[in-house]
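Listing of data_24.txt; format and content: compact mmCIF, C-alpha atoms.
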```
# COMPACT_ATOMS: atom_id res chain seq x y z
CA MET A 1 6.77 4.24 -5.59
CA THR A 2 3.27 2.78 -5.77
CA PHE A 3 -0.20 4.17 -5.01
CA GLY A 4 -0.27 1.91 -1.97
CA ARG A 5 2.98 3.29 -0.64
CA LEU A 6 1.80 6.88 -1.20
CA ILE A 7 -1.36 6.09 0.77
CA GLU A 8 0.50 4.32 3.59
CA VAL A 9 2.96 7.15 4.12
CA HIS A 10 0.67 10.16 3.78
CA GLU A 11 -2.95 9.14 4.41
CA ARG A 12 -3.07 10.02 8.09
CA GLU A 13 -1.57 13.46 7.66
CA ILE A 14 -3.70 14.36 4.64
CA PHE A 15 -6.87 13.12 6.32
CA ALA A 16 -6.12 15.17 9.46
CA TYR A 17 -5.38 18.20 7.28
CA ALA A 18 -8.66 17.75 5.39
CA LEU A 19 -10.54 17.53 8.69
CA ARG A 20 -8.94 20.76 9.91
CA LEU A 21 -9.59 22.54 6.64
CA THR A 22 -13.24 21.60 6.42
CA GLY A 23 -14.22 21.11 10.05
CA ASN A 24 -16.51 18.22 9.20
CA ARG A 25 -16.10 14.61 8.37
CA ALA A 26 -18.17 14.33 5.20
CA ASP A 27 -16.25 17.10 3.44
CA ALA A 28 -12.94 15.81 4.80
CA ASP A 29 -13.74 12.35 3.40
CA ASP A 30 -14.38 13.84 -0.03
CA ILE A 31 -11.28 16.00 -0.03
CA PHE A 32 -9.15 13.08 1.15
CA GLN A 33 -10.47 10.80 -1.61
CA GLU A 34 -10.35 13.43 -4.32
CA THR A 35 -6.79 14.37 -3.37
CA PHE A 36 -5.45 10.84 -3.73
CA LEU A 37 -7.53 10.14 -6.85
CA ALA A 38 -6.17 13.31 -8.46
CA ALA A 39 -2.64 12.21 -7.53
CA PHE A 40 -3.19 8.76 -9.07
CA ARG A 41 -4.60 10.29 -12.26
CA ALA A 42 -1.73 12.79 -12.52
CA TRP A 43 0.94 10.15 -11.76
CA PRO A 44 3.95 10.33 -11.53
CA PRO A 45 4.56 12.87 -8.76
CA PRO A 46 6.18 16.02 -10.19
CA ARG A 47 9.30 15.67 -8.06
CA SER A 48 10.34 12.39 -6.50
CA GLY A 49 10.81 12.71 -2.73
CA ASN A 50 8.42 15.62 -2.51
CA GLU A 51 5.13 13.76 -2.61
CA ARG A 52 4.01 15.31 0.67
CA ALA A 53 4.08 18.90 -0.62
CA TRP A 54 2.36 17.73 -3.79
CA LEU A 55 -0.50 16.13 -1.84
CA TYR A 56 -0.88 19.19 0.40
CA LYS A 57 -1.11 21.37 -2.66
CA ILE A 58 -3.80 19.19 -4.24
CA ALA A 59 -5.76 18.96 -0.97
CA THR A 60 -5.62 22.72 -0.46
CA ASN A 61 -6.85 23.39 -3.98
CA LYS A 62 -9.67 20.88 -3.55
CA ALA A 63 -10.72 22.56 -0.31
CA ILE A 64 -10.59 26.02 -1.89
CA ASP A 65 -12.61 24.87 -4.92
CA ARG A 66 -15.16 23.26 -2.68
CA ALA A 67 -15.48 26.33 -0.47
CA ARG A 68 -15.94 28.55 -3.54
CA ARG A 69 -18.62 26.29 -4.94
CA ALA A 70 -20.35 26.14 -1.56
CA ARG A 71 -20.22 29.93 -1.23
CA ARG A 72 -21.93 30.33 -4.58
CA THR A 73 -24.71 27.95 -3.70
CA ALA A 74 -24.86 27.56 0.05
CA PRO A 75 -27.41 29.39 2.13
CA LEU A 76 -26.13 32.02 4.50
CA ALA A 77 -26.91 29.80 7.47
CA ASP A 78 -23.78 27.77 6.74
CA LEU A 79 -21.60 30.78 7.17
CA ARG A 80 -23.30 32.08 10.27
CA LEU A 81 -21.18 32.18 13.39
CA ALA A 82 -22.33 31.16 16.81
CA ALA A 83 -23.25 34.15 18.95
CA PRO A 84 -20.01 35.42 20.43
CA GLU A 85 -19.49 34.55 24.05
CA ARG A 86 -17.50 37.11 25.95
CA ASP A 87 -16.50 34.69 28.65
CA GLY A 88 -15.23 31.16 28.19
CA VAL A 89 -14.24 31.04 24.58
CA THR A 90 -14.47 27.42 23.50
CA VAL A 91 -12.63 25.32 20.96
CA ALA A 92 -15.89 25.19 19.06
CA ASP A 93 -15.82 28.99 18.84
CA LEU A 94 -12.30 28.89 17.50
CA ALA A 95 -13.24 26.20 14.98
CA ALA A 96 -16.21 28.28 13.87
CA ALA A 97 -14.03 31.37 13.50
CA VAL A 98 -11.56 29.39 11.37
CA ARG A 99 -14.35 27.98 9.26
CA ALA A 100 -15.61 31.48 8.56
CA LEU A 101 -12.32 32.47 6.93
CA PRO A 102 -12.07 32.56 3.14
CA ALA A 103 -10.66 29.22 1.94
CA GLY A 104 -7.19 30.50 1.04
CA GLN A 105 -6.74 32.25 4.37
CA ARG A 106 -8.14 29.24 6.19
CA ALA A 107 -5.54 26.96 4.59
CA ALA A 108 -2.76 29.45 5.44
CA PHE A 109 -4.01 29.70 9.04
CA VAL A 110 -4.26 25.90 9.52
CA LEU A 111 -0.87 25.28 7.96
CA ARG A 112 0.82 27.90 10.15
CA LYS A 113 -1.04 27.82 13.46
CA VAL A 114 -2.17 24.19 13.62
CA GLU A 115 0.52 22.36 11.66
CA GLY A 116 3.39 24.72 12.45
CA ARG A 117 4.69 24.93 8.87
CA SER A 118 7.25 27.47 7.75
CA TYR A 119 6.18 30.34 5.49
CA ALA A 120 8.28 28.83 2.71
CA GLU A 121 6.32 25.57 2.95
CA ILE A 122 3.00 27.41 3.06
CA ALA A 123 4.05 29.45 0.03
CA ASP A 124 4.81 26.21 -1.79
CA VAL A 125 1.43 24.68 -0.97
CA LEU A 126 -0.53 27.84 -1.79
CA GLU A 127 1.63 28.64 -4.82
CA CYS A 128 2.39 32.19 -3.75
CA SER A 129 5.42 34.08 -2.42
CA ALA A 130 6.57 33.65 1.18
CA ALA A 131 5.64 37.29 1.78
CA ALA A 132 2.12 36.67 0.49
CA ALA A 133 1.86 33.56 2.68
CA ARG A 134 2.93 35.62 5.69
CA SER A 135 0.35 38.30 4.99
CA ARG A 136 -2.40 35.74 4.49
CA VAL A 137 -1.61 34.18 7.86
CA ALA A 138 -1.53 37.62 9.49
CA GLU A 139 -4.84 38.62 7.91
CA ALA A 140 -6.44 35.32 8.96
CA THR A 141 -5.11 35.61 12.50
CA LYS A 142 -6.49 39.12 12.79
CA LYS A 143 -9.94 37.99 11.65
CA VAL A 144 -9.97 35.02 14.00
CA LYS A 145 -9.00 37.24 16.93
CA GLU A 146 -11.76 39.70 16.06
CA LYS A 147 -14.34 36.93 16.04
CA MET A 148 -13.10 35.59 19.34
CA THR A 149 -13.25 38.87 21.29
CA MET B 1 -4.64 9.87 16.83
CA THR B 2 -6.27 6.51 17.48
CA MET B 3 -9.71 8.10 17.18
CA LEU B 4 -8.80 8.94 13.62
CA SER B 5 -8.22 5.33 12.61
CA PRO B 6 -11.78 4.06 12.05
CA LEU B 7 -12.62 7.21 10.08
CA LEU B 8 -9.47 6.82 8.05
CA ASP B 9 -10.14 3.12 7.39
CA GLU B 10 -13.53 4.02 5.95
CA ALA B 11 -12.21 6.90 3.87
CA ARG B 12 -9.42 4.69 2.51
CA ALA B 13 -11.85 1.88 1.63
CA GLN B 14 -13.99 4.37 -0.32
CA LEU B 15 -10.93 5.80 -2.02
CA LEU B 16 -9.74 2.36 -3.14
CA ALA B 17 -13.20 1.41 -4.39
CA ARG B 18 -13.36 4.60 -6.47
CA ALA B 19 -9.85 4.11 -7.81
CA ASP B 20 -10.75 0.54 -8.74
CA ARG B 21 -13.91 1.64 -10.56
CA GLU B 22 -11.79 4.11 -12.53
CA GLY B 23 -9.46 1.28 -13.58
CA LEU B 24 -6.50 2.80 -11.71
CA ILE B 25 -5.73 -0.35 -9.71
CA ALA B 26 -3.94 -3.40 -11.13
CA VAL B 27 -2.50 -5.23 -8.15
CA GLY B 28 -3.75 -5.80 -4.60
CA TYR B 29 -1.61 -6.84 -1.68
CA GLY B 30 -2.12 -8.07 1.86
CA VAL B 31 -0.25 -9.55 4.80
CA MET B 32 -1.07 -12.84 6.52
CA ASP B 33 0.20 -14.39 9.72
CA SER B 34 1.53 -17.84 8.96
CA PRO B 35 3.27 -20.45 11.10
CA LEU B 36 6.46 -19.20 9.41
CA GLY B 37 5.84 -15.57 10.38
CA PRO B 38 4.18 -12.80 8.37
CA LEU B 39 3.85 -13.24 4.61
CA TRP B 40 3.35 -10.31 2.21
CA VAL B 41 1.33 -11.41 -0.82
CA ALA B 42 0.38 -9.65 -4.06
CA VAL B 43 -2.21 -10.65 -6.67
CA GLY B 44 -2.51 -9.04 -10.11
CA PRO B 45 -4.91 -9.34 -13.04
CA ARG B 46 -3.30 -12.60 -14.19
CA GLY B 47 -2.69 -14.28 -10.87
CA VAL B 48 -0.38 -14.39 -7.88
CA LEU B 49 2.68 -12.18 -8.29
CA ALA B 50 4.36 -12.50 -4.92
CA VAL B 51 4.50 -14.39 -1.65
CA HIS B 52 7.21 -12.76 0.38
CA TYR B 53 8.63 -13.76 3.76
CA GLY B 54 8.14 -10.68 5.93
CA ALA B 55 5.46 -8.07 6.57
CA ARG B 56 6.81 -5.65 3.98
CA PRO B 57 7.61 -6.24 0.32
CA ASP B 58 11.09 -6.50 -1.05
CA GLU B 59 11.87 -3.30 -2.99
CA ARG B 60 13.28 -5.15 -6.00
CA GLU B 61 10.22 -7.33 -6.14
CA LEU B 62 7.96 -4.31 -5.94
CA ALA B 63 9.91 -2.63 -8.76
CA ARG B 64 9.43 -5.73 -10.90
CA ILE B 65 5.67 -5.62 -10.28
CA THR B 66 5.36 -1.91 -11.08
CA ARG B 67 7.41 -2.33 -14.26
CA ALA B 68 4.92 -4.95 -15.40
CA TYR B 69 1.68 -3.45 -14.10
CA GLY B 70 2.29 0.22 -13.32
CA PRO B 71 1.99 2.06 -9.99
CA GLY B 72 -1.58 0.90 -9.23
CA VAL B 73 -0.44 -1.44 -6.46
CA VAL B 74 -2.56 -1.02 -3.31
CA PRO B 75 -3.55 -2.80 -0.11
CA ASP B 76 -6.55 -4.92 -1.06
CA ARG B 77 -7.37 -8.08 0.85
CA ARG B 78 -10.30 -8.88 -1.40
CA ARG B 79 -8.01 -9.59 -4.35
CA CYS B 80 -5.86 -11.79 -2.09
CA ASP B 81 -8.74 -13.71 -0.47
CA ARG B 82 -8.47 -16.92 -2.45
CA LEU B 83 -4.70 -17.13 -2.15
CA LEU B 84 -4.82 -16.46 1.59
CA ALA B 85 -7.50 -19.11 2.09
CA GLU B 86 -5.46 -21.67 0.15
CA LEU B 87 -2.32 -20.81 2.12
CA ASP B 88 -4.25 -21.25 5.38
CA GLU B 89 -5.45 -24.68 4.23
CA TYR B 90 -1.95 -25.63 3.13
CA PHE B 91 -0.43 -24.73 6.50
CA ALA B 92 -3.21 -26.65 8.25
CA GLY B 93 -2.26 -29.73 6.18
CA ARG B 94 -5.61 -29.70 4.35
CA ARG B 95 -4.34 -28.65 0.92
CA ARG B 96 -1.80 -30.45 -1.26
CA ARG B 97 -2.19 -28.41 -4.45
CA PHE B 98 -2.67 -24.72 -5.03
CA GLU B 99 -5.42 -23.82 -7.47
CA VAL B 100 -4.81 -20.08 -7.70
CA GLU B 101 -3.22 -18.97 -10.95
CA VAL B 102 0.37 -17.75 -10.72
CA ASP B 103 1.68 -14.96 -12.93
CA LEU B 104 5.27 -15.54 -14.01
CA SER B 105 5.12 -13.03 -16.88
CA PRO B 106 7.33 -10.37 -15.22
CA LEU B 107 10.22 -12.90 -15.03
CA THR B 108 12.92 -13.83 -17.54
CA PRO B 109 12.28 -16.82 -19.84
CA PHE B 110 14.89 -18.88 -17.96
CA GLN B 111 13.29 -18.13 -14.57
CA ARG B 112 9.90 -19.02 -16.01
CA ARG B 113 11.17 -22.40 -17.27
CA ILE B 114 12.83 -23.22 -13.94
CA LEU B 115 9.76 -22.25 -11.92
CA THR B 116 7.40 -24.09 -14.27
CA ALA B 117 9.49 -27.25 -13.82
CA THR B 118 9.49 -26.69 -10.06
CA ALA B 119 5.72 -26.29 -9.98
CA ARG B 120 5.42 -29.90 -11.23
CA VAL B 121 7.20 -31.38 -8.21
CA ALA B 122 4.42 -33.05 -6.24
CA TYR B 123 3.50 -32.40 -2.63
CA GLY B 124 5.83 -34.21 -0.25
CA GLU B 125 8.33 -35.09 -2.99
CA VAL B 126 11.81 -33.61 -3.28
CA THR B 127 13.99 -33.17 -6.32
CA THR B 128 17.42 -31.67 -7.05
CA TYR B 129 18.64 -28.44 -8.60
CA ARG B 130 20.22 -30.49 -11.36
CA ASP B 131 16.96 -32.27 -12.14
CA VAL B 132 15.06 -29.00 -12.31
CA ALA B 133 17.75 -27.58 -14.61
CA ARG B 134 17.45 -30.67 -16.81
CA LYS B 135 13.68 -30.38 -17.01
CA ALA B 136 14.09 -26.70 -17.88
CA GLY B 137 16.27 -27.77 -20.81
CA ASN B 138 19.84 -27.41 -19.53
CA GLU B 139 21.27 -29.97 -17.12
CA GLN B 140 24.51 -28.00 -16.84
CA ALA B 141 22.68 -25.00 -15.43
CA SER B 142 22.08 -26.33 -11.93
CA ARG B 143 23.83 -23.35 -10.31
CA ALA B 144 21.75 -20.95 -12.38
CA ALA B 145 18.69 -22.99 -11.42
CA GLY B 146 19.65 -22.49 -7.77
CA GLY B 147 19.87 -18.75 -8.45
CA ALA B 148 16.47 -18.66 -10.14
CA LEU B 149 14.91 -20.64 -7.29
CA GLY B 150 16.55 -18.38 -4.70
CA ALA B 151 14.87 -15.45 -6.44
CA ASN B 152 11.51 -17.26 -6.73
CA PRO B 153 8.97 -14.46 -6.10
CA ILE B 154 6.20 -16.95 -5.27
CA PRO B 155 7.64 -19.43 -2.76
CA ILE B 156 5.35 -22.03 -1.14
CA VAL B 157 2.86 -21.78 -4.05
CA VAL B 158 5.69 -22.49 -6.51
CA PRO B 159 7.30 -25.07 -4.25
CA CYS B 160 11.00 -24.28 -4.50
CA HIS B 161 11.35 -25.75 -1.00
CA ARG B 162 10.99 -29.16 -2.68
CA VAL B 163 14.28 -28.66 -4.51
CA ILE B 164 17.40 -29.75 -2.60
CA ALA B 165 21.06 -30.45 -3.33
CA THR B 166 22.14 -33.66 -5.08
CA ASP B 167 23.83 -34.92 -1.88
CA GLY B 168 20.53 -34.71 0.00
CA SER B 169 21.43 -31.56 1.95
CA LEU B 170 18.82 -28.82 1.95
CA GLY B 171 20.67 -26.25 -0.18
CA GLY B 172 19.34 -22.71 0.32
CA TYR B 173 15.99 -21.00 0.83
CA ALA B 174 14.84 -17.38 0.68
CA GLY B 175 12.74 -17.87 3.82
CA GLY B 176 15.68 -19.42 5.67
CA LEU B 177 16.53 -23.10 6.09
CA PRO B 178 14.33 -23.61 9.19
CA ALA B 179 11.34 -22.58 7.05
CA LYS B 180 12.34 -24.99 4.28
CA ARG B 181 12.76 -27.81 6.81
CA ARG B 182 9.39 -27.00 8.35
CA LEU B 183 7.57 -27.04 4.99
CA LEU B 184 9.10 -30.36 4.04
CA THR B 185 8.31 -32.01 7.37
CA LEU B 186 4.74 -30.65 7.13
CA GLU B 187 4.30 -32.15 3.67
CA ARG B 188 5.86 -35.47 4.58
CA GLY B 189 3.94 -35.81 7.80
CA GLU B 190 7.21 -36.07 9.72
CA THR B 191 8.17 -34.17 12.83
CA ALA B 192 11.85 -33.83 11.98
CA VAL B 193 14.32 -34.29 9.14
CA PRO B 194 15.19 -38.03 8.93
CA ALA B 195 18.81 -39.00 9.57
CA GLY B 196 20.72 -38.73 6.31
CA GLY B 197 18.21 -36.23 4.87
CA TRP B 198 15.53 -36.87 2.25
CA ALA B 199 16.18 -38.89 -0.87
CA PRO B 200 15.47 -36.90 -4.03
CA SER B 201 12.89 -38.55 -6.24
CA GLY B 202 14.51 -37.11 -9.40
CA ARG B 203 17.82 -38.30 -10.74
```
Show me the file's structure as structure tokens.
Amino acid sequence: MTFGRLIEVHEREIFAYALRLTGNRADADDIFQETFLAAFRAWPPPRSGNERAWLYKIATNKAIDRARRARRTAPLADLRLAAPERDGVTVADLAAAVRALPAGQRAAFVLRKVEGRSYAEIADVLECSAAAARSRVAEATKKVKEKMT
Amino acid sequence: MTMLSPLLDEARAQLLARADREGLIAVGYGVMDSPLGPLWVAVGPRGVLAVHYGARPDERELARITRAYGPGVVPDRRRCDRLLAELDEYFAGRRRRFEVEVDLSPLTPFQRRILTATARVAYGEVTTYRDVARKAGNEQASRAAGGALGANPIPIVVPCHRVIATDGSLGGYAGGLPAKRRLLTLERGETAVPAGGWAPSGR
């Protein structure tokens, strides 16, 4: 396994995941780059054949760290939601609702509802039990629904 | 998904530049279209490590490179620029000698001696396996020389296509005999193999 091979096989998926987690390109770029750089620095992968889960884990942690840092320093405007529209809920509304979730719940929501991962896989990425993963997804789903209605 | 590609290309370029600045990258690779089909090439800190027939590297070859230089092997055309330009000129008939450095250090001493002897065979000339073995210090080792040349990781640049059997037949070639024939006719300015084959210039 080489860095090049790791990039070739996983770059598209990790980049798409970073975009979904952050909702904007600049942050997704950073998370994508930092994820692979962290993998290169920590080489070799902890378990051969499981590089994908490893990269997801790193990317999720980077996104959570970034969201925490942003929350400490960012003005409230960044967290403000668009005024709820009763009729015609748009994709943008949904994206905004997802963005408003705490980082850990956001990752759980994206992994489950967008990427269709099993709770076992989500638990692996988030380093928690499957039951905890399930409750994070449920909590996130509830919040998103509240924002959307 | 196609809309993702330009964004991804940019993100990857930035990632590779950062990894390079951190000293995490040792070897760059690229693919070129040649008249003989796609060639996968790799260039490391000490020169060309591989020219491989096909769009993807051979796993054994890749393992040899990572043993020598670690896992920092990434797509990087910039590192391959000079080699690719020289290959283009060679295929266009405008280059008779390669000036890029080759890196034989990941090979065994015997392979290095055989390939070094092979590198001295001039453009358009042909020699025999036995002669190469002799120049590498062991005339009896012509079969082993054939093996070392068959495993030449840098064909074309290290011109193993210029080595043929003592009876004038082509012998073998990693890129296939049509490729060997084509390289020799290109270098000799001929359109086909002459009747009776080529006469080796070595003994």
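Residues with any atom within 8 Å of Val158 (chain B), counting all atoms listed in the file and excluding same-chain neighbours fewer than 4 positions away, are Leu115, Thr118, Ala119, Asn152 and Ile154 of chain B.
With only C-alpha atoms as the atoms that count, the residue of B:Asp58, B:Asp33, B:Glu125, B:Glu99 with the shortest distance to Leu183 (chain B) is B:Glu125.
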Identify all chain A residues at most 12 Å from chain B by counting all atoms listed in the file; ligands do not count. Present them as an mmCIF file with C-alpha atoms, in the coordinates of the input.
```cif
data_model
loop_
_atom_site.group_PDB
_atom_site.id
_atom_site.type_symbol
_atom_site.label_atom_id
_atom_site.label_comp_id
_atom_site.auth_asym_id
_atom_site.auth_seq_id
_atom_site.Cartn_x
_atom_site.Cartn_y
_atom_site.Cartn_z
ATOM 1 C CA MET A 1 6.770 4.240 -5.590
ATOM 2 C CA THR A 2 3.270 2.780 -5.770
ATOM 3 C CA PHE A 3 -0.200 4.170 -5.010
ATOM 4 C CA GLY A 4 -0.270 1.910 -1.970
ATOM 5 C CA ARG A 5 2.980 3.290 -0.640
ATOM 6 C CA LEU A 6 1.800 6.880 -1.200
ATOM 7 C CA ILE A 7 -1.360 6.090 0.770
ATOM 8 C CA GLU A 8 0.500 4.320 3.590
ATOM 9 C CA HIS A 10 0.670 10.160 3.780
ATOM 10 C CA GLU A 11 -2.950 9.140 4.410
ATOM 11 C CA ARG A 12 -3.070 10.020 8.090
ATOM 12 C CA GLU A 13 -1.570 13.460 7.660
ATOM 13 C CA ILE A 14 -3.700 14.360 4.640
ATOM 14 C CA PHE A 15 -6.870 13.120 6.320
ATOM 15 C CA ALA A 16 -6.120 15.170 9.460
ATOM 16 C CA TYR A 17 -5.380 18.200 7.280
ATOM 17 C CA ALA A 18 -8.660 17.750 5.390
ATOM 18 C CA LEU A 19 -10.540 17.530 8.690
ATOM 19 C CA ASN A 24 -16.510 18.220 9.200
ATOM 20 C CA ARG A 25 -16.100 14.610 8.370
ATOM 21 C CA ALA A 26 -18.170 14.330 5.200
ATOM 22 C CA ASP A 27 -16.250 17.100 3.440
ATOM 23 C CA ALA A 28 -12.940 15.810 4.800
ATOM 24 C CA ASP A 29 -13.740 12.350 3.400
ATOM 25 C CA ASP A 30 -14.380 13.840 -0.030
ATOM 26 C CA ILE A 31 -11.280 16.000 -0.030
ATOM 27 C CA PHE A 32 -9.150 13.080 1.150
ATOM 28 C CA GLN A 33 -10.470 10.800 -1.610
ATOM 29 C CA GLU A 34 -10.350 13.430 -4.320
ATOM 30 C CA THR A 35 -6.790 14.370 -3.370
ATOM 31 C CA PHE A 36 -5.450 10.840 -3.730
ATOM 32 C CA LEU A 37 -7.530 10.140 -6.850
ATOM 33 C CA ALA A 38 -6.170 13.310 -8.460
ATOM 34 C CA ALA A 39 -2.640 12.210 -7.530
ATOM 35 C CA PHE A 40 -3.190 8.760 -9.070
ATOM 36 C CA ARG A 41 -4.600 10.290 -12.260
ATOM 37 C CA ALA A 42 -1.730 12.790 -12.520
ATOM 38 C CA TRP A 43 0.940 10.150 -11.760
ATOM 39 C CA PRO A 44 3.950 10.330 -11.530
ATOM 40 C CA PRO A 45 4.560 12.870 -8.760
#
```
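Closest approach to Gly171 (chain B) from the set B:Leu104, B:Ala133, B:Leu186, B:Leu149 is made by B:Leu149, with distances taken over all atoms listed in the file.
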Legend entry - Pick from B:Met3, B:Val48, B:Val126, B:Ala195 nearest to Lys180 (chain B), counting all atoms listed in the file: B:Val126
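Taking CA of Arg67 (chain B) and CA of Gly44 (chain B) as the two end points, the separation is 12.7 Å.
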Inset, instruction - Fewer than 3 positions away in the same chain doesn't count, so skip those; otherwise give me all residues within 6 Å of Gly168 (chain B), counting only C-alpha atoms, as a count of residues only. - result: 3
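For the set B:Ala199, B:Ala68, B:Ala50, B:Ala148, the residue with the smallest atom-to-atom gap to Leu83 (chain B) is B:Ala50, counting all atoms listed in the file.
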